[in-house]
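J.: Have a peek at my_file_25.pdb (PDB, C-alpha atoms, pLDDT in the B column).
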```
ATOM      1  CA  MET A   1     -65.749   0.451 -65.133  1.00 49.00           C
ATOM      2  CA  LYS A   2     -63.613  -2.684 -65.228  1.00 44.00           C
ATOM      3  CA  TYR A   3     -60.593  -0.453 -65.852  1.00 46.00           C
ATOM      4  CA  CYS A   4     -61.374   1.596 -62.718  1.00 47.00           C
ATOM      5  CA  ILE A   5     -61.708  -1.536 -60.572  1.00 43.00           C
ATOM      6  CA  PHE A   6     -58.355  -2.784 -61.896  1.00 41.00           C
ATOM      7  CA  LEU A   7     -56.707   0.496 -60.916  1.00 39.00           C
ATOM      8  CA  LEU A   8     -58.170   0.267 -57.413  1.00 40.00           C
ATOM      9  CA  MET A   9     -56.799  -3.281 -57.037  1.00 40.00           C
ATOM     10  CA  ILE A  10     -53.319  -2.118 -58.075  1.00 35.00           C
ATOM     11  CA  PHE A  11     -53.495   0.787 -55.597  1.00 41.00           C
ATOM     12  CA  ALA A  12     -54.602  -1.530 -52.759  1.00 44.00           C
ATOM     13  CA  ALA A  13     -51.796  -3.985 -53.535  1.00 42.00           C
ATOM     14  CA  GLY A  14     -49.291  -1.132 -53.458  1.00 46.00           C
ATOM     15  CA  CYS A  15     -50.556   0.036 -50.072  1.00 46.00           C
ATOM     16  CA  ALA A  16     -50.337  -3.494 -48.695  1.00 45.00           C
ATOM     17  CA  GLY A  17     -46.758  -3.802 -49.950  1.00 46.00           C
ATOM     18  CA  ALA A  18     -45.797  -0.484 -48.381  1.00 45.00           C
ATOM     19  CA  SER A  19     -47.404  -1.523 -45.102  1.00 44.00           C
ATOM     20  CA  GLY A  20     -45.427  -4.771 -45.109  1.00 47.00           C
ATOM     21  CA  THR A  21     -42.180  -2.926 -45.764  1.00 46.00           C
ATOM     22  CA  GLN A  22     -42.917  -0.533 -42.921  1.00 47.00           C
ATOM     23  CA  HIS A  23     -43.534  -3.448 -40.579  1.00 44.00           C
ATOM     24  CA  GLU A  24     -40.143  -4.953 -41.446  1.00 48.00           C
ATOM     25  CA  THR A  25     -38.418  -1.616 -40.778  1.00 46.00           C
ATOM     26  CA  ASP A  26     -40.026  -1.312 -37.348  1.00 50.00           C
ATOM     27  CA  SER A  27     -38.716  -4.750 -36.392  1.00 55.00           C
ATOM     28  CA  THR A  28     -35.070  -3.777 -36.947  1.00 62.00           C
ATOM     29  CA  ALA A  29     -32.755  -2.180 -34.385  1.00 58.00           C
ATOM     30  CA  THR A  30     -33.348   1.470 -33.563  1.00 69.00           C
ATOM     31  CA  PRO A  31     -30.566   4.086 -33.490  1.00 63.00           C
ATOM     32  CA  ALA A  32     -30.739   3.972 -29.691  1.00 62.00           C
ATOM     33  CA  ASP A  33     -30.143   0.213 -29.747  1.00 65.00           C
ATOM     34  CA  SER A  34     -27.131   0.688 -32.005  1.00 71.00           C
ATOM     35  CA  THR A  35     -25.712   3.390 -29.720  1.00 72.00           C
ATOM     36  CA  GLU A  36     -26.100   1.134 -26.707  1.00 73.00           C
ATOM     37  CA  ALA A  37     -24.395  -1.755 -28.514  1.00 75.00           C
ATOM     38  CA  ILE A  38     -21.459   0.508 -29.399  1.00 72.00           C
ATOM     39  CA  ARG A  39     -21.210   1.741 -25.807  1.00 70.00           C
ATOM     40  CA  MET A  40     -21.180  -1.792 -24.416  1.00 75.00           C
ATOM     41  CA  ALA A  41     -18.536  -2.829 -26.962  1.00 81.00           C
ATOM     42  CA  GLN A  42     -16.367   0.138 -25.914  1.00 82.00           C
ATOM     43  CA  GLY A  43     -16.834  -0.869 -22.287  1.00 83.00           C
ATOM     44  CA  GLU A  44     -15.672  -4.401 -23.023  1.00 88.00           C
ATOM     45  CA  ALA A  45     -12.619  -3.073 -24.864  1.00 91.00           C
ATOM     46  CA  PHE A  46     -11.892  -0.859 -21.857  1.00 92.00           C
ATOM     47  CA  LEU A  47     -12.015  -3.848 -19.497  1.00 94.00           C
ATOM     48  CA  GLN A  48      -9.573  -5.754 -21.687  1.00 94.00           C
ATOM     49  CA  LEU A  49      -6.888  -3.202 -20.771  1.00 95.00           C
ATOM     50  CA  PHE A  50      -6.870  -4.680 -17.268  1.00 96.00           C
ATOM     51  CA  PRO A  51      -5.185  -8.061 -16.702  1.00 96.00           C
ATOM     52  CA  GLN A  52      -6.856 -10.479 -14.296  1.00 96.00           C
ATOM     53  CA  ILE A  53      -5.302 -10.502 -10.808  1.00 95.00           C
ATOM     54  CA  GLN A  54      -5.788 -12.461  -7.584  1.00 91.00           C
ATOM     55  CA  PRO A  55      -7.166 -10.066  -4.946  1.00 89.00           C
ATOM     56  CA  ASN A  56      -6.631 -12.087  -1.779  1.00 89.00           C
ATOM     57  CA  ASP A  57      -4.140 -10.291   0.483  1.00 89.00           C
ATOM     58  CA  ILE A  58      -2.658  -8.338  -2.407  1.00 92.00           C
ATOM     59  CA  GLU A  59      -0.798  -5.232  -1.254  1.00 95.00           C
ATOM     60  CA  VAL A  60      -1.680  -2.060  -3.134  1.00 97.00           C
ATOM     61  CA  ALA A  61       1.078   0.565  -3.038  1.00 96.00           C
ATOM     62  CA  SER A  62       2.159   3.470  -5.214  1.00 95.00           C
ATOM     63  CA  PRO A  63       5.033   2.823  -7.636  1.00 93.00           C
ATOM     64  CA  LYS A  64       8.619   3.504  -6.603  1.00 89.00           C
ATOM     65  CA  TYR A  65      11.611   4.635  -8.636  1.00 86.00           C
ATOM     66  CA  ASP A  66      14.958   2.927  -9.025  1.00 89.00           C
ATOM     67  CA  SER A  67      18.315   4.729  -9.103  1.00 89.00           C
ATOM     68  CA  ASN A  68      17.851   5.442 -12.821  1.00 88.00           C
ATOM     69  CA  GLY A  69      14.439   7.034 -12.335  1.00 83.00           C
ATOM     70  CA  VAL A  70      12.564   4.063 -13.774  1.00 87.00           C
ATOM     71  CA  MET A  71       9.121   3.515 -12.262  1.00 88.00           C
ATOM     72  CA  LEU A  72       8.667   0.108 -10.603  1.00 91.00           C
ATOM     73  CA  GLY A  73       5.759  -1.741  -9.012  1.00 94.00           C
ATOM     74  CA  MET A  74       2.117  -1.048  -9.877  1.00 94.00           C
ATOM     75  CA  VAL A  75       2.795   0.964 -13.025  1.00 94.00           C
ATOM     76  CA  GLY A  76      -0.029  -0.321 -15.240  1.00 94.00           C
ATOM     77  CA  LYS A  77      -0.938   0.175 -18.893  1.00 93.00           C
ATOM     78  CA  TRP A  78      -1.756   3.609 -20.296  1.00 93.00           C
ATOM     79  CA  ILE A  79      -5.498   4.303 -20.761  1.00 93.00           C
ATOM     80  CA  ASP A  80      -6.475   6.245 -23.877  1.00 90.00           C
ATOM     81  CA  SER A  81      -8.497   9.413 -23.272  1.00 86.00           C
ATOM     82  CA  ASN A  82     -11.249   8.073 -25.565  1.00 85.00           C
ATOM     83  CA  TYR A  83     -12.122   5.604 -22.814  1.00 88.00           C
ATOM     84  CA  LEU A  84     -11.742   8.111 -19.984  1.00 87.00           C
ATOM     85  CA  LYS A  85     -14.103  10.657 -21.527  1.00 82.00           C
ATOM     86  CA  THR A  86     -16.975   8.160 -21.338  1.00 79.00           C
ATOM     87  CA  LEU A  87     -16.642   7.648 -17.556  1.00 84.00           C
ATOM     88  CA  PRO A  88     -18.871   9.315 -14.930  1.00 81.00           C
ATOM     89  CA  ALA A  89     -18.118  12.885 -13.846  1.00 81.00           C
ATOM     90  CA  GLU A  90     -17.926  11.672 -10.226  1.00 78.00           C
ATOM     91  CA  LEU A  91     -14.514  10.152 -10.995  1.00 82.00           C
ATOM     92  CA  ASN A  92     -13.107  13.669 -11.525  1.00 77.00           C
ATOM     93  CA  ILE A  93     -11.027  12.653 -14.522  1.00 81.00           C
ATOM     94  CA  SER A  94      -8.715  15.647 -14.641  1.00 72.00           C
ATOM     95  CA  GLU A  95      -5.670  14.780 -16.689  1.00 74.00           C
ATOM     96  CA  TYR A  96      -4.865  13.084 -19.962  1.00 78.00           C
ATOM     97  CA  ALA A  97      -1.364  11.996 -20.924  1.00 78.00           C
ATOM     98  CA  THR A  98       0.468  10.415 -23.828  1.00 80.00           C
ATOM     99  CA  PRO A  99       1.492   6.727 -23.869  1.00 82.00           C
ATOM    100  CA  ASP A 100       5.167   7.615 -23.404  1.00 82.00           C
ATOM    101  CA  ASN A 101       4.540   9.498 -20.150  1.00 82.00           C
ATOM    102  CA  PRO A 102       4.173   7.097 -17.197  1.00 84.00           C
ATOM    103  CA  HIS A 103       4.236   9.998 -14.723  1.00 84.00           C
ATOM    104  CA  GLY A 104       0.881  11.436 -15.799  1.00 87.00           C
ATOM    105  CA  GLY A 105      -2.584  10.327 -16.850  1.00 89.00           C
ATOM    106  CA  TYR A 106      -4.379   7.080 -15.969  1.00 92.00           C
ATOM    107  CA  HIS A 107      -3.056   3.522 -16.144  1.00 93.00           C
ATOM    108  CA  ALA A 108      -4.787   0.120 -15.924  1.00 96.00           C
ATOM    109  CA  ILE A 109      -3.188  -2.131 -13.281  1.00 97.00           C
ATOM    110  CA  GLY A 110      -5.537  -5.101 -12.940  1.00 97.00           C
ATOM    111  CA  ARG A 111      -9.054  -6.358 -12.287  1.00 97.00           C
ATOM    112  CA  PHE A 112     -10.944  -9.059 -10.462  1.00 96.00           C
ATOM    113  CA  THR A 113     -14.582 -10.102 -10.176  1.00 95.00           C
ATOM    114  CA  GLN A 114     -16.698  -9.295  -7.136  1.00 95.00           C
ATOM    115  CA  GLY A 115     -20.297 -10.386  -7.673  1.00 93.00           C
ATOM    116  CA  ASP A 116     -21.754  -8.495 -10.641  1.00 93.00           C
ATOM    117  CA  HIS A 117     -18.888  -5.996 -10.563  1.00 95.00           C
ATOM    118  CA  GLU A 118     -15.424  -5.938 -12.055  1.00 96.00           C
ATOM    119  CA  MET A 119     -13.120  -4.245  -9.551  1.00 97.00           C
ATOM    120  CA  LEU A 120     -10.538  -2.168 -11.429  1.00 97.00           C
ATOM    121  CA  LEU A 121      -7.218  -1.016  -9.985  1.00 97.00           C
ATOM    122  CA  VAL A 122      -6.277   2.250 -11.686  1.00 96.00           C
ATOM    123  CA  ARG A 123      -3.234   4.480 -11.200  1.00 94.00           C
ATOM    124  CA  GLY A 124      -4.026   8.164 -11.659  1.00 91.00           C
ATOM    125  CA  PRO A 125      -2.941  11.727 -10.870  1.00 88.00           C
ATOM    126  CA  GLY A 126      -1.840  12.517  -7.331  1.00 86.00           C
ATOM    127  CA  GLU A 127      -0.352  15.590  -5.681  1.00 84.00           C
ATOM    128  CA  TYR A 128       2.530  15.943  -8.135  1.00 83.00           C
ATOM    129  CA  ALA A 129       2.414  12.909 -10.437  1.00 85.00           C
ATOM    130  CA  SER A 130       0.290   9.826 -11.137  1.00 88.00           C
ATOM    131  CA  THR A 131       1.007   8.202  -7.768  1.00 91.00           C
ATOM    132  CA  ARG A 132      -2.541   7.542  -6.545  1.00 93.00           C
ATOM    133  CA  ILE A 133      -4.157   4.162  -7.025  1.00 96.00           C
ATOM    134  CA  PHE A 134      -7.919   3.929  -7.138  1.00 95.00           C
ATOM    135  CA  LEU A 135     -10.327   1.004  -6.973  1.00 96.00           C
ATOM    136  CA  TRP A 136     -13.206   1.477  -9.417  1.00 95.00           C
ATOM    137  CA  ALA A 137     -16.318  -0.701  -9.196  1.00 95.00           C
ATOM    138  CA  TRP A 138     -17.422  -1.473 -12.769  1.00 95.00           C
ATOM    139  CA  HIS A 139     -21.044  -2.662 -12.844  1.00 94.00           C
ATOM    140  CA  LYS A 140     -21.145  -5.337 -15.528  1.00 91.00           C
ATOM    141  CA  PRO A 141     -24.895  -5.229 -16.387  1.00 90.00           C
ATOM    142  CA  SER A 142     -24.858  -1.462 -17.006  1.00 89.00           C
ATOM    143  CA  GLY A 143     -21.294  -1.254 -18.309  1.00 89.00           C
ATOM    144  CA  GLN A 144     -20.374   1.681 -16.095  1.00 89.00           C
ATOM    145  CA  VAL A 145     -18.367   2.608 -12.986  1.00 92.00           C
ATOM    146  CA  ARG A 146     -20.746   2.807 -10.023  1.00 91.00           C
ATOM    147  CA  ASP A 147     -18.423   3.673  -7.123  1.00 93.00           C
ATOM    148  CA  HIS A 148     -14.758   4.268  -6.350  1.00 94.00           C
ATOM    149  CA  ILE A 149     -12.227   4.738  -3.562  1.00 94.00           C
ATOM    150  CA  MET A 150      -8.558   5.716  -3.301  1.00 94.00           C
ATOM    151  CA  VAL A 151      -6.473   2.833  -1.928  1.00 96.00           C
ATOM    152  CA  ALA A 152      -2.844   3.993  -2.215  1.00 96.00           C
ATOM    153  CA  ASP A 153      -0.764   7.136  -2.557  1.00 95.00           C
ATOM    154  CA  ASN A 154       2.516   8.719  -1.539  1.00 92.00           C
ATOM    155  CA  TRP A 155       3.830  12.249  -1.617  1.00 87.00           C
ATOM    156  CA  GLY A 156       6.299  14.493   0.157  1.00 83.00           C
ATOM    157  CA  ASP A 157       6.943  18.221   0.259  1.00 83.00           C
ATOM    158  CA  ALA A 158       8.952  20.569   2.499  1.00 78.00           C
ATOM    159  CA  GLY A 159       9.255  18.056   5.313  1.00 82.00           C
ATOM    160  CA  ASP A 160       5.717  16.684   5.116  1.00 89.00           C
ATOM    161  CA  ALA A 161       5.109  13.172   3.808  1.00 91.00           C
ATOM    162  CA  GLN A 162       2.217  10.724   3.590  1.00 93.00           C
ATOM    163  CA  TYR A 163       2.100   7.080   2.525  1.00 94.00           C
ATOM    164  CA  THR A 164      -1.143   5.146   2.044  1.00 95.00           C
ATOM    165  CA  TYR A 165      -1.181   1.365   1.627  1.00 94.00           C
ATOM    166  CA  SER A 166      -4.070  -1.072   1.281  1.00 95.00           C
ATOM    167  CA  TRP A 167      -4.544  -4.825   1.326  1.00 96.00           C
ATOM    168  CA  LEU A 168      -7.537  -6.438  -0.416  1.00 95.00           C
ATOM    169  CA  HIS A 169      -9.478  -9.411   0.910  1.00 92.00           C
ATOM    170  CA  ALA A 170     -12.314 -10.702  -1.273  1.00 91.00           C
ATOM    171  CA  GLY A 171     -15.186 -12.672   0.236  1.00 88.00           C
ATOM    172  CA  GLU A 172     -18.224 -14.241  -1.344  1.00 84.00           C
ATOM    173  CA  LYS A 173     -20.523 -11.291  -0.593  1.00 87.00           C
ATOM    174  CA  GLU A 174     -18.178  -8.425   0.222  1.00 91.00           C
ATOM    175  CA  LEU A 175     -14.705  -7.072  -0.389  1.00 94.00           C
ATOM    176  CA  GLU A 176     -12.602  -5.837   2.521  1.00 91.00           C
ATOM    177  CA  VAL A 177     -10.081  -3.026   2.014  1.00 93.00           C
ATOM    178  CA  ARG A 178      -7.627  -2.755   4.914  1.00 92.00           C
ATOM    179  CA  MET A 179      -5.922   0.621   4.754  1.00 92.00           C
ATOM    180  CA  ALA A 180      -2.965   2.147   6.596  1.00 92.00           C
ATOM    181  CA  VAL A 181      -2.043   5.847   6.372  1.00 92.00           C
ATOM    182  CA  LEU A 182       1.443   6.839   7.563  1.00 92.00           C
ATOM    183  CA  GLU A 183       2.169  10.544   8.026  1.00 93.00           C
ATOM    184  CA  SER A 184       5.215  12.481   9.145  1.00 92.00           C
ATOM    185  CA  HIS A 185       6.142  16.122   9.598  1.00 90.00           C
ATOM    186  CA  LEU A 186       9.704  17.393   9.804  1.00 86.00           C
ATOM    187  CA  ASP A 187      10.107  20.983  10.911  1.00 81.00           C
ATOM    188  CA  ILE A 188      12.722  22.180   8.431  1.00 78.00           C
ATOM    189  CA  GLU A 189      13.249  25.377  10.431  1.00 78.00           C
ATOM    190  CA  ASP A 190      14.126  23.476  13.613  1.00 79.00           C
ATOM    191  CA  THR A 191      17.890  22.905  13.906  1.00 80.00           C
ATOM    192  CA  THR A 192      17.288  19.807  16.032  1.00 83.00           C
ATOM    193  CA  GLY A 193      15.494  18.113  13.103  1.00 80.00           C
ATOM    194  CA  ARG A 194      12.365  17.386  15.153  1.00 86.00           C
ATOM    195  CA  GLU A 195      10.069  14.996  13.286  1.00 89.00           C
ATOM    196  CA  GLU A 196       6.558  13.939  14.284  1.00 90.00           C
ATOM    197  CA  SER A 197       5.061  10.704  12.953  1.00 92.00           C
ATOM    198  CA  PHE A 198       1.596   9.228  13.327  1.00 90.00           C
ATOM    199  CA  ASN A 199      -0.395   6.437  11.699  1.00 91.00           C
ATOM    200  CA  ASP A 200      -4.065   5.707  11.150  1.00 88.00           C
ATOM    201  CA  TYR A 201      -5.789   2.476  10.163  1.00 89.00           C
ATOM    202  CA  ALA A 202      -9.193   1.799   8.660  1.00 87.00           C
ATOM    203  CA  ILE A 203     -11.235  -0.953   7.069  1.00 88.00           C
ATOM    204  CA  PHE A 204     -13.662  -0.277   4.229  1.00 89.00           C
ATOM    205  CA  LEU A 205     -16.190  -2.758   2.877  1.00 92.00           C
ATOM    206  CA  PHE A 206     -17.520  -3.017  -0.660  1.00 94.00           C
ATOM    207  CA  ARG A 207     -20.967  -4.602  -0.485  1.00 90.00           C
ATOM    208  CA  ASN A 208     -24.336  -4.159  -2.159  1.00 89.00           C
ATOM    209  CA  GLY A 209     -22.660  -2.308  -5.009  1.00 91.00           C
ATOM    210  CA  ALA A 210     -21.007   0.445  -2.966  1.00 92.00           C
ATOM    211  CA  PHE A 211     -18.126   1.173  -0.625  1.00 92.00           C
ATOM    212  CA  ASP A 212     -19.410   1.324   2.940  1.00 85.00           C
ATOM    213  CA  THR A 213     -17.463   3.578   5.298  1.00 72.00           C
ATOM    214  CA  SER A 214     -20.256   4.215   7.800  1.00 63.00           C
ATOM    215  CA  GLY A 215     -19.435   1.080   9.787  1.00 54.00           C
ATOM    216  CA  MET A 216     -15.679   1.602   9.589  1.00 59.00           C
ATOM    217  CA  LYS A 217     -13.819   0.423  12.682  1.00 57.00           C
ATOM    218  CA  GLN A 218     -10.558   2.101  13.665  1.00 54.00           C
ATOM    219  CA  ARG A 219      -7.783  -0.082  15.112  1.00 51.00           C
ATOM    220  CA  ARG A 220      -9.550  -3.213  13.985  1.00 62.00           C
ATOM    221  CA  ASN A 221      -7.288  -6.160  13.264  1.00 77.00           C
ATOM    222  CA  GLU A 222      -4.228  -4.678  14.946  1.00 83.00           C
ATOM    223  CA  ALA A 223      -2.281  -7.915  14.549  1.00 87.00           C
ATOM    224  CA  PHE A 224      -2.741  -7.744  10.777  1.00 90.00           C
ATOM    225  CA  PHE A 225      -1.349  -4.219  10.447  1.00 90.00           C
ATOM    226  CA  ARG A 226       1.544  -5.041  12.770  1.00 90.00           C
ATOM    227  CA  SER A 227       2.487  -8.029  10.616  1.00 92.00           C
ATOM    228  CA  LYS A 228       2.404  -5.986   7.403  1.00 92.00           C
ATOM    229  CA  LEU A 229       4.059  -2.756   8.546  1.00 91.00           C
ATOM    230  CA  LYS A 230       6.544  -4.319  10.988  1.00 91.00           C
ATOM    231  CA  ASP A 231       8.843  -1.545  12.311  1.00 90.00           C
ATOM    232  CA  LYS A 232       6.692   1.089  10.577  1.00 90.00           C
ATOM    233  CA  TYR A 233       3.721   0.224  12.762  1.00 90.00           C
ATOM    234  CA  LEU A 234       2.733   2.967  15.225  1.00 89.00           C
ATOM    235  CA  GLU A 235      -0.109   2.955  17.706  1.00 87.00           C
ATOM    236  CA  PRO A 236      -3.041   4.988  16.352  1.00 82.00           C
ATOM    237  CA  ASP A 237      -4.002   8.280  18.034  1.00 77.00           C
ATOM    238  CA  SER A 238      -0.396   8.671  19.164  1.00 84.00           C
ATOM    239  CA  VAL A 239       2.375  11.010  18.048  1.00 85.00           C
ATOM    240  CA  TYR A 240       5.936   9.704  17.871  1.00 88.00           C
ATOM    241  CA  VAL A 241       8.792  12.196  17.987  1.00 87.00           C
ATOM    242  CA  GLU A 242      12.295  11.706  16.639  1.00 85.00           C
ATOM    243  CA  TYR A 243      15.219  14.086  16.247  1.00 84.00           C
ATOM    244  CA  HIS A 244      17.549  14.265  13.266  1.00 74.00           C
ATOM    245  CA  PRO A 245      20.226  16.799  14.256  1.00 74.00           C
ATOM    246  CA  ASN A 246      22.029  16.477  10.941  1.00 64.00           C
ATOM    247  CA  SER A 247      18.929  17.487   8.986  1.00 53.00           C
ATOM    248  CA  ASN A 248      18.659  21.035   7.636  1.00 50.00           C
ATOM    249  CA  SER A 249      16.309  23.071   5.541  1.00 42.00           C
ATOM    250  CA  GLU A 250      18.366  22.708   2.358  1.00 44.00           C
ATOM    251  CA  SER A 251      18.102  18.919   2.345  1.00 40.00           C
ATOM    252  CA  HIS A 252      14.307  18.940   2.650  1.00 37.00           C
ATOM    253  CA  GLU A 253      13.240  21.678   0.301  1.00 38.00           C
TER     254      GLU A 253
END
```
Mind turning this structure into structure tokens?
T.:
Amino acid sequence: MKYCIFLLMIFAAGCAGASGTQHETDSTATPADSTEAIRMAQGEAFLQLFPQIQPNDIEVASPKYDSNGVMLGMVGKWIDSNYLKTLPAELNISEYATPDNPHGGYHAIGRFTQGDHEMLLVRGPGEYASTRIFLWAWHKPSGQVRDHIMVADNWGDAGDAQYTYSWLHAGEKELEVRMAVLESHLDIEDTTGREESFNDYAIFLFRNGAFDTSGMKQRRNEAFFRSKLKDKYLEPDSVYVEYHPNSNSESHE
């Protein structure tokens, strides 16, 4: 009888020990916690690709090329596809490139803080090459891009051309994006070289975690756009016509 009681005591002690071990296991991090920690660490590494910049009155424009074909201006640092594949589908990430190809893929230009967001300037694919510059709103608490907008681009083809420029103005509660879009159309079949040009201007606000275009005001701050564009400034809702008699279809194909 004493032997049976002793066995029961050993069994009870073993159960208690197992219960204690199970309790310690439950108190450790779960696989989901580990996955989240890895994701946040990847997000921080992604942000480190972007150097800090001063956003006040900075002009955002697509890169240009020198006489040797070297890209100048807002070129940025190549972003590895491992980072891009973790971003939201809404960004329409459509092209991956190698580090030695500045004409394709996505490139980190710079970042600045706006409330609980890191605003990221990113150069990405445009009509024919990586000429577009986007502004991504990275939400720091969630470690993810919440909203985005295109702020610069340039392209030209068969007499048509478009240039988009933006200037950023950061306030305490909102970010103002002042955008100018310059378009031109040259009729390459017209021997007189008739060219039509027209501009448009807009102001977008980033506030409450999103870009607000519903309250956009056309022609607002005319003096500002005049000072920035100088002789390129054209009155909105107007078409300007010039003639280039020496132009021909071969020079614009």
J.: Would you work out the distance separating CA of Val122 in chain A from CA of Lys230 in chain A, expressed in Å to one decimal?
T.: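 Computed distance, CA of Val122 in chain A to CA of Lys230 in chain A, equals 26.9 Å.
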J.: Distance CA of Glu44 in chain A-CA of Asn82 in chain A, one decimal place?
T.: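 Interatomic distance, CA of Glu44 in chain A to CA of Asn82 in chain A: 13.5 Å.
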J.: Specify as a PyMOL selection string each residue included when the PyMOL selection byres ((chain A and resi 84) around 10) is applied to this file.
T.: chain A and resi 46+79-83+85-88+91+93-96+105-106
J.: Write the residues of the preceding selection, restricted to C-alpha atoms, as an mmCIF file, in the frame of the given file.
T.:
```
data_model
loop_
_atom_site.group_PDB
_atom_site.id
_atom_site.type_symbol
_atom_site.label_atom_id
_atom_site.label_comp_id
_atom_site.auth_asym_id
_atom_site.auth_seq_id
_atom_site.Cartn_x
_atom_site.Cartn_y
_atom_site.Cartn_z
ATOM 1 C CA PHE A 46 -11.892 -0.859 -21.857
ATOM 2 C CA ILE A 79 -5.498 4.303 -20.761
ATOM 3 C CA ASP A 80 -6.475 6.245 -23.877
ATOM 4 C CA SER A 81 -8.497 9.413 -23.272
ATOM 5 C CA ASN A 82 -11.249 8.073 -25.565
ATOM 6 C CA TYR A 83 -12.122 5.604 -22.814
ATOM 7 C CA LYS A 85 -14.103 10.657 -21.527
ATOM 8 C CA THR A 86 -16.975 8.160 -21.338
ATOM 9 C CA LEU A 87 -16.642 7.648 -17.556
ATOM 10 C CA PRO A 88 -18.871 9.315 -14.930
ATOM 11 C CA LEU A 91 -14.514 10.152 -10.995
ATOM 12 C CA ILE A 93 -11.027 12.653 -14.522
ATOM 13 C CA SER A 94 -8.715 15.647 -14.641
ATOM 14 C CA GLU A 95 -5.670 14.780 -16.689
ATOM 15 C CA TYR A 96 -4.865 13.084 -19.962
ATOM 16 C CA GLY A 105 -2.584 10.327 -16.850
ATOM 17 C CA TYR A 106 -4.379 7.080 -15.969
#
```
J.: Apply the PyMOL selection byres ((chain A and resi 239) around 8) to the structure shown and report the selected residues as a list of chain:residue names.
T.: A:Glu196, A:Ser197, A:Phe198, A:Asp237, A:Ser238, A:Tyr240, A:Val241
J.: Could you list, as JSON, numbers by chain, every residue within 8 Å of Gly76 in chain A, counting only C-alpha atoms and ignoring same-chain residues fewer than 2 positions away?
T.: {"A": [74, 78, 107, 108, 109, 110, 122, 123]}
J.: Tell me which residues the PyMOL selection byres ((chain A and resi 54-60) around 7) grabs here, as a list in words.
T.: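 That selection, the PyMOL selection byres ((chain A and resi 54-60) around 7), comes back as Ile53, Ala61, Phe112, Val151, Ala152, Tyr165, Ser166, Trp167, Leu168, His169 and Ala170 of chain A.
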J.: I'd like to know which of A:Ser130, A:Ser62, A:Ser142, A:Gln52 is closest to Thr113 in chain A, using all atoms listed in the file.
T.: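 Closest candidate: A:Gln52.
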J.: Using all atoms listed in the file, what residues lie at most 10 Å away from (-20.8, -1.9, -21.9) (file coordinates), given as a PyMOL selection string?
T.: chain A and resi 36-47+138-144
J.: Grab the CA of Ala137 in chain A to CA of Glu176 in chain A distance for me, in Å with one decimal place.
T.: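 Those two atoms sit 13.3 Å apart.
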J.: Select, from A:Gly126, A:Pro63, A:Pro236, A:Pro245, the residue with the minimum atom-to-atom distance to Ile188 in chain A, counting all atoms listed in the file.
T.: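 Counting all atoms listed in the file, the residue closest to Ile188 in chain A is A:Pro245.
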J.: Excluding range 200-214 of chain A and its own-chain neighbours fewer than 4 positions away, which residues fall within 7 Å of it when counting all atoms listed in the file? Please give them as an MDAnalysis selection string.
T.: chainID A and resid 147 173:182 218:219 236
J.: Could you please take those selected residues and save C-alpha atoms as a compact mmCIF listing (two decimals), in the frame of the given file?
T.:
```txt
# COMPACT_ATOMS: atom_id res chain seq x y z
CA ASP A 147 -18.42 3.67 -7.12
CA LYS A 173 -20.52 -11.29 -0.59
CA GLU A 174 -18.18 -8.43 0.22
CA LEU A 175 -14.70 -7.07 -0.39
CA GLU A 176 -12.60 -5.84 2.52
CA VAL A 177 -10.08 -3.03 2.01
CA ARG A 178 -7.63 -2.76 4.91
CA MET A 179 -5.92 0.62 4.75
CA ALA A 180 -2.96 2.15 6.60
CA VAL A 181 -2.04 5.85 6.37
CA LEU A 182 1.44 6.84 7.56
CA GLN A 218 -10.56 2.10 13.66
CA ARG A 219 -7.78 -0.08 15.11
CA PRO A 236 -3.04 4.99 16.35
```
J.: Return the single residue from A:Leu135, A:Leu234, A:Leu120, A:Met150 that is closest to Gln48 in chain A, with distances computed using only C-alpha atoms.
T.: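 Closest residue, counting only C-alpha atoms: A:Leu120.
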J.: As a list in words, please: the residues near Tyr233 in chain A (cut-off 9 Å, all atoms listed in the file, same-chain neighbours under 6 positions excluded).
T.: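 Result of the neighbour search: Leu182, Asn199, Phe225, Arg226 and Ser227 of chain A.
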J.: Point out the residue among A:Lys232, A:Lys64, A:Gly171, A:Leu49 with the least atom-to-atom distance to Asn154 in chain A, counting only C-alpha atoms.
T.: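 Looking at the shortest contact to Asn154 in chain A, the residue is A:Lys64.
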